[in-house]
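Engineer: Below you'll find run30.txt; it's compact mmCIF, C-alpha atoms.
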```txt
# COMPACT_ATOMS: atom_id res chain seq x y z
CA MET N 155 0.00 0.00 0.00
CA MET N 156 1.44 3.38 -0.98
CA ILE N 157 0.82 6.19 1.51
CA LYS N 158 0.35 9.63 0.02
CA LYS N 159 2.93 12.06 1.34
CA LYS N 160 0.49 14.89 2.10
CA GLN N 161 -1.59 12.63 4.31
CA PHE N 162 1.28 10.78 5.95
CA GLY N 163 2.34 13.15 8.72
CA TRP N 164 -1.03 13.63 10.41
CA VAL N 165 -2.20 10.07 9.81
CA LEU N 166 0.94 8.88 11.54
CA VAL N 167 0.49 11.27 14.45
CA MET N 168 -2.98 9.92 15.18
CA ALA N 169 -1.98 6.31 14.65
CA LEU N 170 1.00 6.49 16.96
CA ILE N 171 -0.83 8.43 19.64
CA THR N 172 -3.35 5.62 19.96
CA ALA N 173 -0.93 2.72 19.51
CA CYS N 174 2.63 3.55 20.58
CA SER N 175 2.82 3.98 24.30
CA SER N 176 2.53 1.19 26.80
CA THR N 177 0.80 3.68 29.08
CA PRO N 178 -2.24 5.76 28.11
CA LYS N 179 -1.45 9.20 29.53
CA GLN N 180 -0.96 11.61 26.61
CA ALA N 181 -0.78 15.39 26.37
CA MET N 182 -2.49 16.16 23.08
CA GLN N 183 -3.78 19.49 24.36
CA LYS N 184 -0.29 21.02 23.96
CA GLU N 185 0.59 22.75 20.74
CA VAL N 186 2.16 20.76 17.92
CA SER N 187 4.39 23.01 15.80
CA THR N 188 5.02 22.54 12.09
CA ILE N 189 8.36 22.42 10.31
CA ASP N 190 7.88 23.35 6.64
CA LEU N 191 10.54 21.87 4.35
CA THR N 192 8.44 21.93 1.18
CA GLU N 193 10.57 24.50 -0.68
CA ILE N 194 14.17 23.63 0.27
CA GLU N 195 16.85 24.91 -2.10
CA PHE N 196 20.62 24.33 -2.07
CA SER N 197 23.02 27.23 -1.53
CA SER N 198 26.79 27.16 -1.99
CA THR N 199 26.99 29.82 0.74
CA PRO N 200 27.09 28.27 4.25
CA GLN N 201 24.07 28.86 6.46
CA PRO N 202 24.59 31.31 9.37
CA LEU N 203 25.11 30.02 12.91
CA SER N 204 23.21 33.05 14.19
CA ASP N 205 19.97 31.44 13.03
CA PHE N 206 20.07 29.37 16.23
CA VAL N 207 23.26 30.32 18.13
CA GLU N 208 23.59 33.27 20.54
CA SER N 209 27.29 33.10 21.48
CA ILE N 210 30.36 30.81 21.35
CA GLU N 211 32.79 29.58 24.03
CA TYR N 212 36.03 27.60 23.61
CA ILE N 213 37.93 25.03 25.69
CA LYS N 214 41.58 24.23 24.89
CA LEU N 215 42.62 20.63 25.60
CA SER N 216 46.00 19.52 26.94
CA GLU N 217 48.57 18.74 24.25
CA GLU N 218 48.96 15.19 25.55
CA PRO N 219 47.69 12.62 24.86
CA LEU N 220 47.40 13.23 21.13
CA VAL N 221 43.87 13.32 19.67
CA THR N 222 44.31 12.96 15.93
CA ASP N 223 40.93 13.79 14.38
CA ALA N 224 38.00 15.71 15.87
CA LYS N 225 35.59 14.01 13.48
CA LYS N 226 36.25 10.71 15.30
CA VAL N 227 35.62 12.20 18.76
CA ASN N 228 32.40 12.18 20.77
CA VAL N 229 32.12 14.57 23.71
CA ALA N 230 30.24 14.47 27.02
CA GLU N 231 30.34 16.50 30.24
CA ASP N 232 29.48 15.44 33.79
CA LYS N 233 27.74 17.36 36.57
CA ASN N 234 31.06 18.85 37.72
CA GLY N 235 32.02 20.15 34.29
CA ASN N 236 34.61 17.45 33.58
CA LEU N 237 34.85 16.57 29.90
CA TYR N 238 34.97 13.07 28.40
CA LEU N 239 36.30 12.37 24.91
CA ASP N 240 35.28 9.06 23.36
CA VAL N 241 38.14 8.40 20.92
CA PRO N 242 39.21 5.28 18.98
CA GLY N 243 40.87 2.99 21.50
CA GLY N 244 40.30 5.21 24.54
CA LEU N 245 38.01 7.25 26.77
CA LEU N 246 39.82 10.42 27.90
CA LYS N 247 38.77 12.48 30.93
CA TYR N 248 39.61 16.20 31.25
CA ALA N 249 39.06 18.86 33.91
CA PRO N 250 36.65 21.70 33.07
CA ASP N 251 39.57 23.85 31.87
CA GLY N 252 40.73 21.14 29.43
CA THR N 253 43.56 19.72 31.58
CA PHE N 254 43.98 16.00 30.95
CA ILE N 255 43.15 13.72 33.92
CA LYS N 256 43.29 10.08 32.77
CA ASN N 257 42.30 7.46 30.21
CA LEU N 258 39.37 5.56 31.71
CA VAL N 259 39.64 2.34 29.69
CA LYS N 260 42.40 -0.19 29.22
CA ILE N 261 42.62 -2.17 25.99
CA GLY N 262 43.70 -5.78 26.44
CA GLN N 263 42.71 -9.27 27.55
CA GLY N 264 43.26 -8.96 31.30
CA PRO N 265 40.88 -8.31 34.22
CA GLY N 266 39.16 -4.95 33.87
CA GLU N 267 40.45 -4.58 30.31
CA ILE N 268 38.45 -4.35 27.08
CA ALA N 269 39.59 -6.37 24.09
CA MET N 270 38.07 -4.16 21.39
CA LYS N 271 36.25 -0.90 22.09
CA LEU N 272 33.69 0.36 19.54
CA GLY N 273 32.27 3.33 21.40
CA THR N 274 30.80 4.69 24.63
CA ILE N 275 27.19 5.11 25.73
CA PHE N 276 27.07 7.91 28.30
CA ASN N 277 24.66 8.35 31.18
CA MET N 278 25.96 11.52 32.80
CA ASP N 279 22.70 11.93 34.72
CA ARG N 280 23.48 8.78 36.69
CA ASP N 281 27.29 8.81 36.61
CA PHE N 282 28.08 5.74 34.54
CA MET N 283 28.96 4.66 31.02
CA LEU N 284 28.65 1.51 28.93
CA ILE N 285 31.44 0.47 26.60
CA SER N 286 30.30 -0.98 23.29
CA ALA N 287 32.49 -3.90 22.17
CA TYR N 288 32.29 -6.74 19.66
CA GLY N 289 30.64 -9.98 20.66
CA VAL N 290 30.27 -9.33 24.40
CA ASP N 291 27.91 -7.78 26.92
CA TYR N 292 28.45 -4.11 27.69
CA PRO N 293 31.17 -3.38 30.28
CA LYS N 294 29.84 -0.78 32.75
CA ILE N 295 32.18 1.74 34.40
CA ASN N 296 31.82 4.79 36.62
CA LEU N 297 33.16 8.26 35.84
CA ASN N 298 36.56 7.34 37.30
CA GLY N 299 36.90 4.27 35.10
CA GLU N 300 36.13 1.79 37.89
CA TRP N 301 34.46 -1.44 36.80
CA LEU N 302 30.77 -1.73 37.74
CA GLY N 303 30.00 -5.06 36.03
CA ARG N 304 28.29 -5.81 32.73
CA VAL N 305 24.93 -5.03 31.13
CA LYS N 306 23.40 -7.94 29.24
CA ARG N 307 23.09 -7.67 25.50
CA THR N 308 21.43 -11.05 24.80
CA TYR N 309 21.35 -12.80 21.43
CA VAL N 310 18.85 -14.11 18.83
CA PRO N 311 17.73 -11.45 18.48
CA GLU N 312 20.51 -9.22 19.76
CA ARG N 313 19.54 -6.49 22.20
CA TRP N 314 21.38 -3.24 21.50
CA VAL N 315 21.48 -0.33 23.94
CA TYR N 316 21.50 3.00 22.07
CA SER N 317 21.30 5.72 24.70
CA TYR N 318 20.37 6.77 28.22
CA TRP N 319 18.48 9.70 29.61
CA LYS N 320 18.20 9.96 33.38
CA ASP N 321 16.76 6.64 34.65
CA TYR N 322 15.75 5.43 31.20
CA GLU N 323 17.55 3.15 28.76
CA ILE N 324 16.61 3.12 25.07
CA TYR N 325 17.22 -0.23 23.40
CA LYS N 326 16.11 -2.31 20.43
CA HIS N 327 16.19 -5.92 19.32
CA THR N 328 17.86 -6.56 15.97
CA VAL N 329 15.41 -7.34 13.16
CA ILE N 330 16.63 -10.26 11.05
CA GLY N 331 15.34 -12.39 8.14
CA ASP N 332 15.83 -16.05 7.32
CA GLU N 333 16.71 -15.85 3.64
CA LYS N 334 19.12 -13.65 1.69
CA ASP N 335 16.38 -12.12 -0.46
CA ASP N 336 13.75 -12.03 2.25
CA GLU N 337 11.61 -8.88 2.35
CA ILE N 338 12.38 -6.94 5.48
CA ASN N 339 11.42 -3.87 7.50
CA ARG N 340 14.37 -3.13 9.79
CA ASP N 341 12.20 -0.97 12.03
CA GLY N 342 10.30 -4.11 12.93
CA GLU N 343 7.15 -4.24 15.06
CA TYR N 344 8.55 -1.63 17.44
CA PHE N 345 10.83 1.29 16.65
CA PHE N 346 12.47 0.92 20.07
CA HIS N 347 11.85 0.05 23.72
CA VAL N 348 12.49 1.97 26.94
CA LYS N 349 13.54 0.40 30.23
CA ASP N 350 13.43 1.97 33.68
CA ILE N 351 16.86 1.06 35.09
CA ARG N 352 15.58 1.47 38.64
CA THR N 353 13.12 -1.41 38.27
CA ASP N 354 14.78 -3.22 35.34
CA SER N 355 11.42 -3.24 33.56
CA THR N 356 10.34 -2.12 30.09
CA ILE N 357 7.92 0.78 30.50
CA TYR N 358 7.42 1.94 26.91
CA GLN N 359 7.41 0.45 23.42
CA MET N 360 7.00 2.62 20.37
CA LYS N 361 4.89 0.56 18.01
CA ASN N 362 5.46 0.78 14.26
CA PRO N 363 2.05 0.89 12.53
CA TYR N 364 3.79 0.45 9.17
CA ALA N 365 5.74 -2.71 9.97
CA HIS N 366 3.94 -4.43 7.07
CA ILE N 367 5.74 -2.18 4.55
CA LYS N 368 8.90 -4.02 3.46
CA GLY N 369 11.67 -3.97 0.90
CA LYS N 370 13.49 -6.84 -0.76
CA ARG N 371 16.70 -7.45 1.11
CA GLY N 372 19.90 -8.37 -0.71
CA GLY N 373 22.97 -6.65 -2.06
CA PRO N 374 24.25 -3.31 -0.72
CA ARG N 375 22.31 -1.08 1.65
CA LEU N 376 22.94 2.38 3.00
CA ALA N 377 23.88 2.41 6.70
CA LYS N 378 21.63 4.62 8.85
CA MET N 379 23.87 5.86 11.64
CA GLY N 380 21.10 7.38 13.75
CA TYR N 381 19.21 4.07 13.95
CA PRO N 382 16.69 3.38 15.40
CA ALA N 383 15.70 7.02 16.03
CA TYR N 384 17.32 10.43 16.09
CA ARG N 385 17.13 11.45 19.74
CA GLY N 386 18.44 13.64 22.54
CA PRO N 387 17.53 15.98 25.41
CA LEU N 388 15.40 18.97 24.45
CA ASN N 389 16.06 20.64 27.82
CA GLU N 390 16.70 19.52 31.38
CA SER N 391 13.24 17.98 31.80
CA THR N 392 12.28 16.85 28.28
CA TYR N 393 13.59 14.27 25.83
CA TRP N 394 12.84 14.20 22.09
CA PHE N 395 13.02 11.44 19.48
CA LYS N 396 12.19 10.85 15.83
CA PRO N 397 12.20 7.40 14.17
CA LEU N 398 14.34 7.70 11.05
CA PHE N 399 11.64 7.55 8.39
CA ILE N 400 8.78 9.23 10.24
CA ASP N 401 7.84 12.87 9.65
CA THR N 402 7.05 13.58 13.30
CA VAL N 403 9.32 14.55 16.21
CA TYR N 404 8.01 13.39 19.60
CA CYS N 405 8.89 14.39 23.15
CA THR N 406 8.36 13.17 26.71
CA THR N 407 9.21 13.97 30.31
CA ASP N 408 8.97 10.44 31.75
CA TRP N 409 7.71 8.15 28.91
CA THR N 410 4.13 8.26 30.20
CA ASP N 411 3.30 11.50 28.38
CA VAL N 412 4.67 10.94 24.86
CA ARG N 413 3.33 13.55 22.44
CA PRO N 414 4.15 15.07 19.04
CA LEU N 415 6.41 18.12 19.21
CA TYR N 416 6.98 18.92 15.53
CA VAL N 417 5.27 17.68 12.38
CA ILE N 418 7.59 17.97 9.38
CA LYS N 419 6.05 18.91 6.03
CA GLN N 420 7.93 17.95 2.89
CA HIS N 421 7.47 18.40 -0.85
CA SER N 422 4.89 16.06 -2.40
CA SER N 423 7.65 14.32 -4.40
CA ALA N 424 9.88 13.69 -1.36
CA ALA N 425 10.55 10.15 -0.14
CA ASP N 426 7.92 8.76 2.21
CA TYR N 427 8.14 5.89 4.71
CA GLU N 428 7.72 3.21 2.03
CA TRP N 429 10.50 4.63 -0.15
CA ASN N 430 12.88 4.92 2.79
CA ILE N 431 12.26 1.46 4.19
CA LYS N 432 12.89 -0.09 0.77
CA GLU N 433 16.14 1.85 0.45
CA ASP N 434 17.08 0.71 3.95
CA ALA N 435 16.52 -2.92 2.97
CA SER N 436 18.71 -2.68 -0.15
CA VAL N 437 19.65 -0.04 -2.68
CA ARG N 438 18.74 -2.64 -5.33
CA ASN N 439 15.09 -1.71 -4.79
CA PHE N 440 15.66 1.42 -6.90
CA SER N 441 17.34 2.58 -10.07
CA GLN N 442 20.45 4.73 -9.73
CA ASN N 443 18.50 7.71 -11.00
CA GLU N 444 15.88 7.30 -8.26
CA LEU N 445 18.56 7.01 -5.58
CA LEU N 446 20.42 10.10 -6.74
CA ASN N 447 17.49 12.42 -7.41
CA THR N 448 14.79 11.63 -4.85
CA ARG N 449 14.35 14.37 -2.28
CA ARG N 450 14.54 13.10 1.27
CA LEU N 451 15.12 14.12 4.85
CA GLY N 452 18.24 12.86 6.60
CA ALA N 453 19.51 13.49 10.13
CA VAL N 454 17.45 15.69 12.46
CA TRP N 455 18.27 17.37 15.77
CA ALA N 456 15.41 19.01 17.65
CA LEU N 457 15.84 22.30 19.49
CA GLU N 458 13.29 24.12 21.62
CA ASN N 459 12.70 26.67 18.87
CA GLY N 460 12.99 24.48 15.75
CA ILE N 461 15.15 21.78 14.19
CA LEU N 462 18.57 21.33 12.63
CA TYR N 463 18.27 19.00 9.65
CA PHE N 464 20.16 17.41 6.77
CA TYR N 465 18.35 17.29 3.46
CA TYR N 466 19.03 15.58 0.13
CA ARG N 467 17.80 17.91 -2.59
CA GLU N 468 19.58 16.41 -5.64
CA ILE N 469 22.48 14.12 -4.74
CA LYS N 470 23.70 13.75 -8.33
CA GLU N 471 24.34 17.48 -8.54
CA GLY N 472 25.76 17.73 -5.02
CA LYS N 473 22.74 19.64 -3.76
CA LEU N 474 22.57 18.39 -0.20
CA GLY N 475 23.38 19.84 3.18
CA PHE N 476 22.27 21.28 6.51
CA GLY N 477 19.82 23.94 7.54
CA PHE N 478 17.81 25.30 10.46
CA CYS N 479 14.05 25.66 10.40
CA PRO N 480 12.24 27.53 13.19
CA ALA N 481 9.10 26.12 14.77
CA ASN N 482 6.04 27.07 12.71
CA GLY N 483 8.41 28.49 10.11
CA LYS N 484 9.71 27.52 6.69
CA GLY N 485 13.14 26.11 5.90
CA LYS N 486 14.64 27.88 2.90
CA TYR N 487 18.23 26.84 2.18
CA ILE N 488 20.67 24.03 2.87
CA SER N 489 24.46 24.08 2.57
CA LEU N 490 27.36 21.82 3.56
CA LEU N 491 28.53 24.01 6.45
CA PHE N 492 27.30 26.50 9.04
CA LYS N 493 29.31 29.71 8.87
CA ASN N 494 30.37 31.64 11.95
CA ASP N 495 28.77 35.08 11.98
CA ILE N 496 28.98 35.33 15.79
CA ASP N 497 32.66 36.07 16.51
CA GLU N 498 36.06 36.19 14.79
CA TYR N 499 37.37 32.79 15.89
CA CYS N 500 35.25 29.78 14.99
CA PRO N 501 35.69 28.27 11.50
CA PRO N 502 32.71 27.05 9.45
CA LEU N 503 31.25 23.99 11.19
CA ASP N 504 30.42 20.59 9.74
CA PHE N 505 27.60 18.89 11.68
CA SER N 506 27.56 15.72 9.57
CA SER N 507 29.26 13.18 11.84
CA ILE N 508 27.74 14.33 15.14
CA MET N 509 24.20 14.45 13.76
CA ASP N 510 24.36 11.26 11.66
CA ASP N 511 25.28 9.05 14.60
CA CYS N 512 23.42 11.03 17.31
CA SER N 513 26.68 11.90 19.09
CA LEU N 514 25.89 15.62 19.33
CA PHE N 515 26.12 16.51 23.03
CA TYR N 516 23.69 19.05 24.52
CA LYS N 517 23.67 20.37 28.08
CA ASN N 518 22.24 23.45 29.79
CA GLY N 519 21.51 25.25 26.54
CA TYR N 520 24.87 24.47 24.89
CA ILE N 521 25.87 22.20 22.01
CA TYR N 522 29.44 20.84 22.27
CA ILE N 523 31.47 20.27 19.11
CA PRO N 524 35.15 19.18 18.84
CA VAL N 525 36.98 21.11 16.09
CA ASN N 526 40.46 20.34 14.75
CA ALA N 527 42.99 23.00 15.72
CA PHE N 528 44.28 23.55 12.18
CA GLU N 529 40.81 24.74 11.11
CA PHE N 530 41.26 27.87 13.24
CA PHE N 531 44.19 28.86 11.01
CA GLU N 532 42.18 28.75 7.79
CA GLU N 533 40.67 31.75 6.03
CA GLY N 534 37.79 33.33 7.93
CA ALA N 535 38.84 31.96 11.33
CA LYS N 536 41.30 32.90 14.08
CA PRO N 537 42.91 30.93 16.97
CA PRO N 538 40.94 31.62 20.18
CA PHE N 539 44.08 30.98 22.28
CA PRO N 540 47.53 32.60 21.77
CA ASP N 541 49.39 29.30 22.28
CA LEU N 542 47.21 27.27 19.90
CA THR N 543 49.08 25.79 16.93
CA GLU N 544 47.95 23.89 13.87
CA ASP N 545 49.25 20.70 15.51
CA SER N 546 47.43 21.25 18.81
CA ASN N 547 44.72 18.93 20.00
CA PRO N 548 41.13 19.73 18.97
CA VAL N 549 39.32 22.63 20.61
CA ILE N 550 35.92 22.06 22.22
CA VAL N 551 33.49 24.61 20.79
CA LYS N 552 30.43 25.37 22.92
CA LEU N 553 27.51 26.90 21.04
CA LYS N 554 25.06 28.69 23.30
CA LEU N 555 21.64 28.25 21.71
CA LYS N 556 19.11 31.01 21.38
CA LYS N 557 16.21 30.66 23.78
CA LYS N 558 12.74 29.78 22.66
CA GLN N 559 10.70 32.87 22.02
CA PRO N 560 7.47 33.10 24.09
CA SER N 561 4.24 32.49 22.18
CA LYS N 562 2.38 35.64 21.18
```
Re-express the file's structure as structure tokens.
Structural biologist:
Amino acid sequence: MMIKKKQFGWVLVMALITACSSTPKQAMQKEVSTIDLTEIEFSSTPQPLSDFVESIEYIKLSEEPLVTDAKKVNVAEDKNGNLYLDVPGGLLKYAPDGTFIKNLVKIGQGPGEIAMKLGTIFNMDRDFMLISAYGVDYPKINLNGEWLGRVKRTYVPERWVYSYWKDYEIYKHTVIGDEKDDEINRDGEYFFHVKDIRTDSTIYQMKNPYAHIKGKRGGPRLAKMGYPAYRGPLNESTYWFKPLFIDTVYCTTDWTDVRPLYVIKQHSSAADYEWNIKEDASVRNFSQNELLNTRRLGAVWALENGILYFYYREIKEGKLGFGFCPANGKGKYISLLFKNDIDEYCPPLDFSSIMDDCSLFYKNGYIYIPVNAFEFFEEGAKPPFPDLTEDSNPVIVKLKLKKKQPSK
């Protein structure tokens, strides 16, 4: 069954409101804002940071140990302002001023060591982290690197933990098929599940009302880094999430009050859920022309006053990039970078890696982005510290977001 794009957003809102939550309390009386992306155009001129940023702060990291590439670094900050850099083969802890403290993980085969580290899943609200590693349960450590045990992953199907927020764990079971060319919907029956870590019980399951829509699996597929949903804190009391191929951003305060926050409107020719789920199953479901020229929404990050988004306008012609759209406003242009029109220091910023894999870190109204030191020596930028060199470790850039304007 093909779902018409114009009808999809609101049909989905109503379907999920009645079917998604394991608990009935909903807050439909609150306003649902629209995000209008129907007339997106590509611009070779970077979009301005001032659309959503008020000011910029900088943190210089110690010169040792060496951090080779900011694009491979994920950042987090604890309640005391200490910084944590998730880097290949390590987890580095720094004081609030950027002074190095220690590496929290040891790579190896011995007690308390990790054979192969893939990444880190932070829960700064509850002072612990999980280490993602091949073929094993998740090692759990505290903020000093002390071993706290393991969190079960389970197999057949595998249970993957994707993120934490306060006392809640977001996880999903891997969707698999029996045959190579089996038709598959990788979202499955549920987009994801939420467990209360205090009671070790699942308290919410986001049901997928379109699980029957499938694509023929086989051959290459395009990896979706934000799987199973783009997600993050909206503010100190609210969490937002958006399943990859759904045109609605939802929010909650405790997973008993899930409600739509933004409904995204796209051009009538843009990819809908069916198109996206077929592409996710295998790129063989489409011709090369369809893959390169179909408009579609990519990564999304929700803010209190709108969204940051990546959009594919025409891939073949390189017309793709990022933009900001205010709540109840209209997105106009996308470009590959956000230019700094706030101060004289920060270079143009590339949000691709931190938004694609949901590693963008937000806290107390700030977005944290690691930027390679050499970028501050390029045209249009300036070193924010007199002793910074092109070979210095990355600088942590803190973008203070503009506050949500009160409703008139």
Engineer: Output, as JSON, the centre and edge lengths in Å (one decimal) of the axis-aligned box that contains all listed atoms of region 431-450 of chain N with 5 Å of margin on each side.
Structural biologist:
```
{"center_x": 16.4, "center_y": 5.7, "center_z": -3.4, "size_x": 18.2, "size_y": 27.3, "size_z": 25.2}
```
Engineer: Excluding Gly244 (chain N) and its own-chain neighbours fewer than 4 positions away, which residues fall within 7 Å of it when counting all atoms listed in the file? Please give them as a list in words.
Structural biologist: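 Selected residues are Asp240, Asn257 and Val259 of chain N.
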Engineer: CA of Lys473 (chain N) to CA of Pro502 (chain N): how many Å, to one decimal?
Structural biologist: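 Result for CA of Lys473 (chain N) versus CA of Pro502 (chain N): 18.1 Å, one decimal.
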Engineer: Could you list as a CSV table (one decimal) with C-alpha atoms, in the coordinates of the input every residue that has an atom within 9 Å of (36.9, 12.4, 17.4), using the file's coordinates and counting all atoms listed in the file?
Structural biologist:
```
chain,number,residue,atom,x,y,z
N,221,VAL,CA,43.9,13.3,19.7
N,222,THR,CA,44.3,13.0,15.9
N,223,ASP,CA,40.9,13.8,14.4
N,224,ALA,CA,38.0,15.7,15.9
N,225,LYS,CA,35.6,14.0,13.5
N,226,LYS,CA,36.2,10.7,15.3
N,227,VAL,CA,35.6,12.2,18.8
N,228,ASN,CA,32.4,12.2,20.8
N,229,VAL,CA,32.1,14.6,23.7
N,239,LEU,CA,36.3,12.4,24.9
N,240,ASP,CA,35.3,9.1,23.4
N,241,VAL,CA,38.1,8.4,20.9
N,242,PRO,CA,39.2,5.3,19.0
N,524,PRO,CA,35.2,19.2,18.8
N,525,VAL,CA,37.0,21.1,16.1
N,548,PRO,CA,41.1,19.7,19.0
```
Engineer: Which value, in Å to one decimal, gives the distance between CA of Lys419 (chain N) and CA of Ile431 (chain N)?
Structural biologist: 18.6 Å
Engineer: Name all residues at most 6 Å from region 343-356 of chain N (count all atoms listed in the file; drop same-chain ones fewer than 4 positions away) and give them as a list in words.
Structural biologist: Asp321, Tyr322, Glu323, Ile324, Tyr325, Lys326, Met360, Lys361, Asn362 and Ala365 of chain N
Engineer: Write to file, as a short mmCIF file (atom, residue, chain, number, x, y, z; two decimals), in the coordinates of the input, the residues of the selection just made, with C-alpha atoms.
Structural biologist:
```
data_model
loop_
_atom_site.label_atom_id
_atom_site.label_comp_id
_atom_site.auth_asym_id
_atom_site.auth_seq_id
_atom_site.Cartn_x
_atom_site.Cartn_y
_atom_site.Cartn_z
CA ASP N 321 16.76 6.64 34.65
CA TYR N 322 15.75 5.43 31.20
CA GLU N 323 17.55 3.15 28.76
CA ILE N 324 16.61 3.12 25.07
CA TYR N 325 17.22 -0.23 23.40
CA LYS N 326 16.11 -2.31 20.43
CA MET N 360 7.00 2.62 20.37
CA LYS N 361 4.89 0.56 18.01
CA ASN N 362 5.46 0.78 14.26
CA ALA N 365 5.74 -2.71 9.97
#
```
Engineer: Quick one, how far is CA of Thr188 (chain N) from CA of Val403 (chain N)?
Structural biologist: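 Computed distance, CA of Thr188 (chain N) to CA of Val403 (chain N), equals 10.0 Å.
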Engineer: So, with only C-alpha atoms as the atoms that count, which of N:Asp511, N:Gly373, N:Phe196, N:Lys396 lies closest to Tyr316 (chain N)?
Structural biologist: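 Ranked by minimum distance to Tyr316 (chain N), first place goes to N:Asp511.
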Engineer: Given the choices N:Pro387, N:Gly252, N:Pro311, N:Pro538, which gets closest to Leu514 (chain N) if the distance is worked out from all atoms listed in the file?
Structural biologist: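 Of N:Pro387, N:Gly252, N:Pro311, N:Pro538, the one nearest Leu514 (chain N) is N:Pro387, counting all atoms listed in the file.
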Engineer: Out of N:Leu445, N:Leu415, N:Ile357, N:Val310, which residue has the shortest atom-to-atom distance to Glu185 (chain N) when counting all atoms listed in the file?
Structural biologist: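 Comparing N:Leu445, N:Leu415, N:Ile357, N:Val310 against Glu185 (chain N), the winner is N:Leu415.
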Engineer: Pick from N:Asp341, N:Leu237, N:Tyr212, N:Asn518: nearest to Val329 (chain N), with all atoms listed in the file counted?
Structural biologist: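 That would be N:Asp341, the residue with the smallest distance to Val329 (chain N).
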Engineer: Between N:Asn482, N:Ser286, N:Asn430, N:Ser204, which is the closest to Val305 (chain N) once you count all atoms listed in the file?
Structural biologist: N:Ser286
Engineer: For a quick check of understanding, using only C-alpha atoms, which of N:Arg413, N:Lys260, N:Arg280, N:Lys432 has the smallest distance to Glu337 (chain N)?
Structural biologist: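 The closest residue to Glu337 (chain N) is N:Lys432.
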Engineer: Starting from the point (18.0, 31.8, 23.3), work out which residues of protein, DNA or RNA have an atom no more than 12 Å away when counting all atoms listed in the file; state them as a list in words.
Structural biologist: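 Protein, DNA and RNA residues close to (18.0, 31.8, 23.3): Ser204, Asp205, Phe206, Val207, Glu208, Ser209, Leu457, Glu458, Asn459, Gly460, Asn518, Gly519, Tyr520, Leu553, Lys554, Leu555, Lys556, Lys557, Lys558, Gln559 and Pro560 of chain N.
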Engineer: Residues at most 8 Å from Gly303 (chain N), counting all atoms listed in the file, excluding those fewer than 2 positions away in the same chain, as a list in words?
Structural biologist: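 Neighbouring residues, sequence-local ones excluded: Pro293, Lys294, Ile295, Trp301 and Val305 of chain N.
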Engineer: Within 9 Å of region 463-471 of chain N, counting all atoms listed in the file, which residues qualify if same-chain residues fewer than 6 places away don't, as a ChimeraX atom specification?
Structural biologist: /N:194-196,443,445-456,477-479,488-489,506,509-510
